[in-house]
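Just below is one structure, and these are the notes that go with it.
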Amino acid sequence: MNEKSLTVLEQYDLEVKEIYRVKGNYGCETKDGKYILQEYNNSNEKMAVMKKLYDYLEGKGFCTDYVIINKDGEYVSVSEDGYTYILKRWLFAEESSINNLRHMCLGAQNLGNFHQCCQNVAEICQGTRGFHPGENIVNSYQRHNHEIVRIKNYIKKRKNKNYFEMSLHNIIDRYYEQAQNAVDVLKKSDYEVLYESAVKNKTLNHGSYNYHNIMMNNNQVFMVNMMKINYAPQIQDLYDYLRKIMEKNNWDIHFADDVLESYGKVRSISAGEYEILKTMFRYPEKFWKIINYYYNSNKAWYSEKNEEKLKQFKKQENLRWNFIKNM
C-alpha cells in the first residue's frame, strides 16, 4: 500500500485529522472515530453480503469492524493507480493476548455466541449469492498427506542433506502415520454429516477466529478481519482457536479446560463434535505447516528458522499427546 492509495479517502464523507500506518494499512483519525483503509481483492457484491452480516451481528450486540459506504453508495473504492480498497470502522481497543487467560476465555465465549447467532443465515443472505462452502477438513487433510509423501520423496533424493533435512528424514514416516490415522478416524466420525448439514442449512464458520482477529476493551470483544467467513462445521473454528492457544501455552490442559468451559456456557458441544475436535488435535498440523513452508521456500540457503520451529515442535510433542489423552 502506497501514498496514492490515500486518494481513496476523498471518496468518503470524512473529515480526516490524522493518517498513520498500521500493520500494512492506513489508519485514520476523524472527529467521528477511527477508520482503517485496507486493500481489497474481491467484489462489491461480496462486501454487500458482509455488510448485511455486520448489521445483523451489530443488532445481536456484537462489535465488528464493519465496512463504510463511499459517496457513490459503493463498498469498494478504486484509487488513482487502479487498486481497490475498503474503508472500515476501527476500534478503541487493545489486541488480545494469547497468554492472558481472561482474554482467551472472553474470546471463547464470544465465539460461542457468534456460533449460536449464525446457525442459519439464509434470511440474512436473501437477495445475494451468500457465502461459499468452506474447506472440508477431511479433503484438506488428505491433500496435506499427499504433500507429506511428496516432501518425503524429495528429501530422500537429496544427496547432501542439511541438518534440518536429516531431522525430517528421521521422523517424517512417524508423522505421516499420525496424519493418516487422524484422517481414517475422521472418516468414521460424524464429520461429513456435520459438513453437509452446515452447507445445506447455511451455518457460518468464522474461518479465521484467532487471537490476532479479536480485540479487547475491558470485557467487550471486538471481531476484526472477518473476510474468510464460510459455510462449514463450527467446531472447526473452535479447533483453530484452541490449537493456537495451546501451542503458545505449552498445551496446558487447565488453560484449555477454562477456554472450553467459557465456550460451553453459551453453546454446548455435542459428543460427536467433541470426538471430531479431539481427532483434529491428533492431526500433526504444525508439523505439516513447517515442512510445507520448507518445501515451498528457496532451498539455496539454509533457514535456521525452520530448524528452530522443528525443534520447538518436537519439544512440545509429549505435551500435545498428554493434552489429547486428558481431553
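By convention in this document, the chains of the C-alpha cells carry letters A, B, ... by their order, each chain's residues are numbered from 1, and ligands are numbered from 1 in the order they are shown.
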**Message:** Would you pick out the contacts of segment 260-267 of chain A at 9 Å or less, using only C-alpha atoms, so that residues sharing its chain but fewer than 4 positions from it are not included, and give the list as a ChimeraX atom specification?
**Reply:** /A:105-113,115-116,238,242,255-256
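Across A:Cys63, A:Leu319, A:Val193, A:Leu6, the tightest approach to Arg89 of chain A is made by A:Cys63 when counting only C-alpha atoms.
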Closest contacts (segment 25-83 of chain A/segment 203-220 of chain A, max 12 Å, only C-alpha atoms) as a tab-separated table:
```
residue	atom	partner	partner_atom	distance
A:Met50	CA	A:His206	CA	12.0
A:Leu53	CA	A:Leu204	CA	10.5
A:Gly61	CA	A:Gln220	CA	10.2
A:Phe62	CA	A:Gln220	CA	8.9
A:Cys63	CA	A:Gln220	CA	8.2
A:Thr64	CA	A:Ile214	CA	9.3
A:Asp65	CA	A:Asn213	CA	10.4
```
**Message:** If DSSP is run on the backbone, what residues of segment 113-300 of chain A are strand (DSSP E or B)? A reply as an MDAnalysis selection string would be ideal.
**Reply:** chainID A and resid 133 204:205 214:217 220:223 230:231
Go ahead and save the residues from that selection, with C-alpha atoms, as a compact mmCIF listing (two decimals), in the first residue's frame.
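So the final result, stored in selection19.txt, reads:
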```
# COMPACT_ATOMS: atom_id res chain seq x y z
CA PRO A 133 -18.88 -23.58 1.37
CA LEU A 204 -21.48 -19.92 9.39
CA ASN A 205 -17.90 -20.75 10.32
CA ILE A 214 -10.14 -10.28 18.33
CA MET A 215 -9.52 -7.10 20.32
CA MET A 216 -10.46 -6.21 23.89
CA ASN A 217 -11.94 -3.23 25.69
CA GLN A 220 -16.04 -6.32 25.43
CA VAL A 221 -14.71 -8.36 22.50
CA PHE A 222 -14.32 -6.77 19.05
CA MET A 223 -14.15 -9.03 15.98
CA ASN A 230 -17.91 -19.57 5.07
CA TYR A 231 -20.38 -22.44 5.49
```
**Item:** Contact residues around segment 280-287 of chain A with only C-alpha atoms at 10 Å, ignoring same-chain residues under 4 positions, as number ranges by chain
**Value:** A: 137-138, 141, 144, 148, 168, 172, 175-183, 185-186, 235-236, 239-240, 242-244, 247, 274-276, 291-292, 309-310, 313-314, 317, 320-321, 323-325
**Message:** Just the number, please: distance in Å from atom CA of Arg21 of chain A to atom CA of Tyr75 of chain A, one decimal.
**Reply:**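 Pair atom CA of Arg21 of chain A / atom CA of Tyr75 of chain A returns 21.7 Å.
Among the candidate residues A:Glu165, A:Glu123, A:Asp258, A:Glu45, the one lying nearest to Lys202 of chain A is A:Glu123, with distances computed using only C-alpha atoms.
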**Message:** Going by DSSP on the backbone, which residues of segment 60-225 of chain A come out as alpha helix (DSSP H)? List them as a PyMOL selection string.
**Reply:** chain A and resi 101-117+137-157+163-188+191-200
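In this comparison, which uses only C-alpha atoms, the residue of A:Arg129, A:Thr279, A:Val121, A:Tyr302 approaching Lys188 of chain A most closely is A:Thr279.
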**Shell around Ser5 of chain A at 10 Å using only C-alpha atoms, local window under 6 positions removed, as JSON, numbers by chain** = {"A": [25, 26, 37, 38, 39, 77, 78, 79, 80, 81, 82, 83, 84, 85]}
**Prompt:** Using only C-alpha atoms, which of A:Thr7, A:Thr30, A:Asn42, A:Asn249 sits nearest Lys228 of chain A?
**Reply:**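 With only C-alpha atoms as the atom set, the closest residue is A:Asn42.
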**Message:** At a cut-off of 12 Å, using only C-alpha atoms, what residues contact segment 156-158 of chain A? Leave out same-chain residues fewer than 4 positions from it and give the result as a list in words.
**Reply:**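 The contact residues come out as Val149, Arg150, Ile151, Lys152, Asn162, Glu165, Met166, Ser167, Leu168, His169, Asn170, Ile172, Asp173 and Lys299 of chain A.
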**Asked** If we count only C-alpha atoms, what is near Lys34 of chain A at a cut-off of 8 Å, once residues fewer than 2 positions away on the same chain are taken out, given as a list in words?
**Response** Gly27, Cys28, Glu29, Thr30, Asp32, Ile36, Arg89, Trp90, Leu91 and Phe92 of chain A
Please dump the current selection as a compact mmCIF listing (two decimals), in the first residue's frame; keep N, CA, C and O atoms.
```txt
# COMPACT_ATOMS: atom_id res chain seq x y z
N GLY A 27 -4.32 3.91 8.98
CA GLY A 27 -5.33 4.26 9.96
C GLY A 27 -5.67 5.73 9.83
O GLY A 27 -4.83 6.54 9.45
N CYS A 28 -6.93 6.07 10.14
CA CYS A 28 -7.39 7.46 10.01
C CYS A 28 -8.10 7.87 11.29
O CYS A 28 -8.99 7.17 11.77
N GLU A 29 -7.72 9.03 11.80
CA GLU A 29 -8.43 9.62 12.94
C GLU A 29 -9.37 10.70 12.41
O GLU A 29 -8.96 11.58 11.65
N THR A 30 -10.63 10.64 12.79
CA THR A 30 -11.61 11.65 12.41
C THR A 30 -12.37 12.10 13.66
O THR A 30 -12.23 11.49 14.73
N ASP A 32 -15.34 11.60 14.13
CA ASP A 32 -16.34 10.57 14.40
C ASP A 32 -15.73 9.26 14.88
O ASP A 32 -16.45 8.29 15.14
N ILE A 36 -9.94 2.43 9.19
CA ILE A 36 -8.74 1.81 8.62
C ILE A 36 -8.99 1.53 7.14
O ILE A 36 -10.05 1.04 6.75
N ARG A 89 -14.65 0.79 9.82
CA ARG A 89 -14.60 1.39 11.15
C ARG A 89 -13.57 0.65 11.98
O ARG A 89 -13.47 -0.57 11.92
N TRP A 90 -12.75 1.37 12.73
CA TRP A 90 -11.78 0.74 13.61
C TRP A 90 -12.18 1.02 15.05
O TRP A 90 -13.16 1.73 15.30
N LEU A 91 -11.46 0.44 15.96
CA LEU A 91 -11.97 0.36 17.31
C LEU A 91 -10.98 0.86 18.36
O LEU A 91 -9.76 0.73 18.20
N PHE A 92 -11.52 1.43 19.41
CA PHE A 92 -10.68 1.83 20.54
C PHE A 92 -10.55 0.62 21.46
O PHE A 92 -11.37 0.40 22.35
```
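Note that atom CA of Gln316 of chain A and atom CA of Tyr295 of chain A are 22.4 Å apart.
Once Tyr12 of chain A and its same-chain neighbours fewer than 2 positions away are set aside, Val8, Leu9, Glu10, Leu14, Ile69, Asn70 and Lys71 of chain A remain within 8 Å of it when counting only C-alpha atoms.
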